[in-house]
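Just below is one structure, and these are the notes that go with it.
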Amino acid sequence: MFVEAIEAVDQFTRPIHFIARYYGGSDIIPGTGTLFFVNENGYAITCRHVAQQILHANHIYENYLKFKSELRRFERDPSYETQRQFLEGKYKINGDAPIRILFNFISCVDAYKSLTIHLHPSQDLAIIQFKDYDVKLYQGYAHFLKDTRAVKQGRYLCRLGYPFPEFTNYHLNKTTNDIEWTKDGRINTPSFPIDGIITRHIGGENNGVTGIEMSTPGLRGQSGGPLFDTNGIIYGLQSATRHLHLGFDQVNREVITDGHRKRVSNYPFLNVGQCVHVDVIKSYLREKKIDFYEID
């Protein structure tokens, strides 16, 4: 049903590859995000939380380098452990936060000189502008739904993104003790579609509708990907997954499995997708005076 729509939307939907390293570890953690282009001039949209990783990447590493530089002065000091703990607090360094993030835009534009990123003040939406690039590597661009009265419960839609990071073109440089991209390994990650129906509208301030809830979850890495119908018309942007407690809890219940009696507990949730509404996207593009296209 969505074959032709996916083929069309795939022409202007692209992955963002991330690699991260965490404090105290040497493992490299790959991740993905998604963006899609709204016109022929290098403007794309994604989620605010995805764009923030790009904006904060340099600051995160600079903060870690300052931490290392200051800690180095206490390497032979008897109070080293005390100073380390103090500096970890000062620079907010811990095992749950990355100390290094690198990102890579895949097949977007060739040799761009700079980026401009606009973060929506309240919604999970951001605009990315690629500047001074040589060649455009995407084809076509989004066509947004013009008459949004069509955004109704039960409408069957699809999302496209890059939830499974299968790229391998990265490693830990043991000489510099830093992560980096390489020319070896797999550079691509396959796209992945997921369908569902609109279940509810999500309200914002002043009783306005800001989001679309879908009956199926958005997958990690699909954040920033388009929500579209069978004609490839864009209805929104995948943002998050909500976890709705169903109340069908089973606590310490006896079951028989593989011929053995066991006690199990289960607390089921319904995972639903949350998308930024097309009206929010169009309004923000108009505010920033960015050209986009609509279709009935």
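Letters for chains follow the order of the structure tokens (A, B, ...), residue numbers begin at 1 for each chain, and ligand numbers begin at 1 in the order shown.
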Query - Residue neighbourhood region 32-40 of chain A, 10 Å, only C-alpha atoms, exclusion window fewer than 3 positions, as a VMD selection string - result: chain A and resid 9 to 19 43 to 47 49 to 51 103 to 106 108 126 to 129 136 138 to 144 160 to 167 189 191 220 to 226 237 to 238 285 290 to 293
Just write the chosen residues, C-alpha atoms, as a PDB file, in the first residue's frame.
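Done, and the output landed in result_17.pdb:
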```pdb
ATOM      1  CA  VAL A   9       9.661  10.010   0.384  1.00  0.00           C
ATOM      2  CA  ASP A  10      12.946   8.105   0.536  1.00  0.00           C
ATOM      3  CA  GLN A  11      14.366  10.474  -2.083  1.00  0.00           C
ATOM      4  CA  PHE A  12      14.490  13.379   0.376  1.00  0.00           C
ATOM      5  CA  THR A  13      14.696  11.567   3.741  1.00  0.00           C
ATOM      6  CA  ARG A  14      18.181  11.031   5.132  1.00  0.00           C
ATOM      7  CA  PRO A  15      19.907   9.534   8.191  1.00  0.00           C
ATOM      8  CA  ILE A  16      22.119  11.340  10.675  1.00  0.00           C
ATOM      9  CA  HIS A  17      24.747   9.018  12.134  1.00  0.00           C
ATOM     10  CA  PHE A  18      26.047   9.557  15.653  1.00  0.00           C
ATOM     11  CA  ILE A  19      28.826   7.911  17.612  1.00  0.00           C
ATOM     12  CA  TYR A  43      16.628  23.262   4.210  1.00  0.00           C
ATOM     13  CA  ALA A  44      15.633  20.209   6.231  1.00  0.00           C
ATOM     14  CA  ILE A  45      13.668  19.545   9.405  1.00  0.00           C
ATOM     15  CA  THR A  46      14.228  17.125  12.265  1.00  0.00           C
ATOM     16  CA  CYS A  47      13.436  16.851  15.956  1.00  0.00           C
ATOM     17  CA  HIS A  49      16.204  16.745  20.587  1.00  0.00           C
ATOM     18  CA  VAL A  50      18.166  15.432  17.584  1.00  0.00           C
ATOM     19  CA  ALA A  51      19.382  18.905  16.580  1.00  0.00           C
ATOM     20  CA  PHE A 103      27.791  13.238  13.885  1.00  0.00           C
ATOM     21  CA  ASN A 104      27.687  12.637  10.159  1.00  0.00           C
ATOM     22  CA  PHE A 105      25.005  13.680   7.655  1.00  0.00           C
ATOM     23  CA  ILE A 106      24.552  10.916   5.078  1.00  0.00           C
ATOM     24  CA  CYS A 108      22.432  15.207   2.176  1.00  0.00           C
ATOM     25  CA  ALA A 126      14.140  22.029  14.438  1.00  0.00           C
ATOM     26  CA  ILE A 127      15.210  23.418  11.069  1.00  0.00           C
ATOM     27  CA  ILE A 128      18.653  22.666   9.637  1.00  0.00           C
ATOM     28  CA  GLN A 129      20.051  24.792   6.830  1.00  0.00           C
ATOM     29  CA  LYS A 136      22.761  18.530  -3.566  1.00  0.00           C
ATOM     30  CA  TYR A 138      18.877  14.421  -2.256  1.00  0.00           C
ATOM     31  CA  GLN A 139      16.110  14.425  -4.872  1.00  0.00           C
ATOM     32  CA  GLY A 140      12.755  16.124  -4.545  1.00  0.00           C
ATOM     33  CA  TYR A 141      11.396  17.555  -1.284  1.00  0.00           C
ATOM     34  CA  ALA A 142       8.416  17.287   1.035  1.00  0.00           C
ATOM     35  CA  HIS A 143       4.904  18.246   0.012  1.00  0.00           C
ATOM     36  CA  PHE A 144       2.885  19.077   3.122  1.00  0.00           C
ATOM     37  CA  LEU A 160      10.104   6.389   7.573  1.00  0.00           C
ATOM     38  CA  GLY A 161      13.406   6.603   9.414  1.00  0.00           C
ATOM     39  CA  TYR A 162      16.660   4.889  10.320  1.00  0.00           C
ATOM     40  CA  PRO A 163      16.182   3.070  13.625  1.00  0.00           C
ATOM     41  CA  PHE A 164      18.875   0.411  13.363  1.00  0.00           C
ATOM     42  CA  PRO A 165      22.464   1.731  13.226  1.00  0.00           C
ATOM     43  CA  GLU A 166      24.247  -0.779  11.008  1.00  0.00           C
ATOM     44  CA  PHE A 167      27.099   1.521   9.934  1.00  0.00           C
ATOM     45  CA  THR A 189      22.122   2.284   7.425  1.00  0.00           C
ATOM     46  CA  SER A 191      15.666   2.879   6.151  1.00  0.00           C
ATOM     47  CA  ARG A 220      14.636   4.874  18.182  1.00  0.00           C
ATOM     48  CA  GLY A 221      16.405   6.510  15.260  1.00  0.00           C
ATOM     49  CA  GLN A 222      13.183   7.376  13.434  1.00  0.00           C
ATOM     50  CA  SER A 223      12.994  10.676  15.335  1.00  0.00           C
ATOM     51  CA  GLY A 224      12.807  13.458  12.767  1.00  0.00           C
ATOM     52  CA  GLY A 225      11.391  11.250  10.025  1.00  0.00           C
ATOM     53  CA  PRO A 226       8.271  12.082   7.986  1.00  0.00           C
ATOM     54  CA  LEU A 237       7.206  14.460  11.885  1.00  0.00           C
ATOM     55  CA  GLN A 238       7.985  11.511  14.181  1.00  0.00           C
ATOM     56  CA  LEU A 285       8.680  27.433   8.407  1.00  0.00           C
ATOM     57  CA  ILE A 290      11.547  29.354   4.538  1.00  0.00           C
ATOM     58  CA  ASP A 291       9.935  28.186   1.307  1.00  0.00           C
ATOM     59  CA  PHE A 292       7.931  24.960   1.405  1.00  0.00           C
ATOM     60  CA  TYR A 293       5.321  23.231  -0.708  1.00  0.00           C
TER      61      TYR A 293
END
```
Skipping near chain neighbours, those fewer than 6 positions away, what residues fall within 6 Å of region 21-23 of chain A using only C-alpha atoms, listed as a PDB file with all heavy atoms, in the first residue's frame?
```pdb
ATOM      1  N   GLY A  95      29.154   8.741  34.414  1.00  0.00           N
ATOM      2  CA  GLY A  95      29.058   7.628  33.470  1.00  0.00           C
ATOM      3  C   GLY A  95      27.803   7.606  32.641  1.00  0.00           C
ATOM      4  O   GLY A  95      27.714   6.849  31.665  1.00  0.00           O
ATOM      5  N   PRO A  98      27.525  11.449  27.846  1.00  0.00           N
ATOM      6  CA  PRO A  98      28.638  11.286  26.903  1.00  0.00           C
ATOM      7  C   PRO A  98      29.701  12.355  27.100  1.00  0.00           C
ATOM      8  O   PRO A  98      29.418  13.478  27.508  1.00  0.00           O
ATOM      9  CB  PRO A  98      27.962  11.433  25.537  1.00  0.00           C
ATOM     10  CG  PRO A  98      26.741  12.260  25.795  1.00  0.00           C
ATOM     11  CD  PRO A  98      26.290  11.886  27.175  1.00  0.00           C
ATOM     12  N   ILE A  99      30.940  11.984  26.834  1.00  0.00           N
ATOM     13  CA  ILE A  99      32.044  12.940  26.871  1.00  0.00           C
ATOM     14  C   ILE A  99      32.479  13.311  25.452  1.00  0.00           C
ATOM     15  O   ILE A  99      33.257  14.254  25.268  1.00  0.00           O
ATOM     16  CB  ILE A  99      33.246  12.375  27.642  1.00  0.00           C
ATOM     17  CG1 ILE A  99      33.702  11.046  27.033  1.00  0.00           C
ATOM     18  CG2 ILE A  99      32.892  12.220  29.116  1.00  0.00           C
ATOM     19  CD1 ILE A  99      34.982  10.482  27.618  1.00  0.00           C
ATOM     20  N   ARG A 100      31.981  12.584  24.479  1.00  0.00           N
ATOM     21  CA  ARG A 100      32.339  12.857  23.094  1.00  0.00           C
ATOM     22  C   ARG A 100      31.199  12.401  22.196  1.00  0.00           C
ATOM     23  O   ARG A 100      30.703  11.265  22.317  1.00  0.00           O
ATOM     24  CB  ARG A 100      33.614  12.098  22.736  1.00  0.00           C
ATOM     25  CG  ARG A 100      34.139  12.345  21.318  1.00  0.00           C
ATOM     26  CD  ARG A 100      34.667  13.733  21.152  1.00  0.00           C
ATOM     27  NE  ARG A 100      35.705  13.833  20.155  1.00  0.00           N
ATOM     28  CZ  ARG A 100      35.818  14.845  19.292  1.00  0.00           C
ATOM     29  NH1 ARG A 100      34.908  15.820  19.293  1.00  0.00           N
ATOM     30  NH2 ARG A 100      36.812  14.900  18.445  1.00  0.00           N
TER      31      ARG A 100
END
```
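Of the listed residues (A:Val251, A:Leu71, A:Val3, A:Leu246), A:Leu71 comes nearest to Lys90 (chain A); the distances count only C-alpha atoms.
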CA of Asn94 (chain A) to CA of Gly24 (chain A), straight-line distance in Å
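So the two atoms, CA of Gly24 (chain A) and CA of Asn94 (chain A), lie 8.2 Å apart.
Using only C-alpha atoms, the smallest distance between any of A:Ile29, A:Ile54, A:Leu125, A:Val276 and His201 (chain A) comes from A:Val276.
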Polymer residues at most 8 Å from Glu4 (chain A), only C-alpha atoms, same-chain spacing of 3 or more positions, as a tab-separated table (two decimals) with N, CA and C atoms, in the first residue's frame:
```
chain	number	residue	atom	x	y	z
A	1	MET	N	0.81	-1.22	0.00
A	1	MET	CA	0.00	0.00	0.00
A	1	MET	C	0.85	1.27	0.00
A	7	GLU	N	8.97	4.99	-1.77
A	7	GLU	CA	9.98	5.26	-2.79
A	7	GLU	C	10.13	6.76	-3.04
A	8	ALA	N	9.02	7.49	-3.00
A	8	ALA	CA	9.07	8.93	-3.23
A	8	ALA	C	9.67	9.66	-2.03
A	230	THR	N	-0.55	7.43	1.73
A	230	THR	CA	-0.21	6.55	0.60
A	230	THR	C	0.20	7.31	-0.65
A	231	ASN	N	-0.05	8.62	-0.67
A	231	ASN	CA	0.40	9.46	-1.79
A	231	ASN	C	1.71	10.17	-1.51
A	232	GLY	N	2.29	9.91	-0.33
A	232	GLY	CA	3.55	10.56	0.03
A	232	GLY	C	3.38	11.97	0.55
```
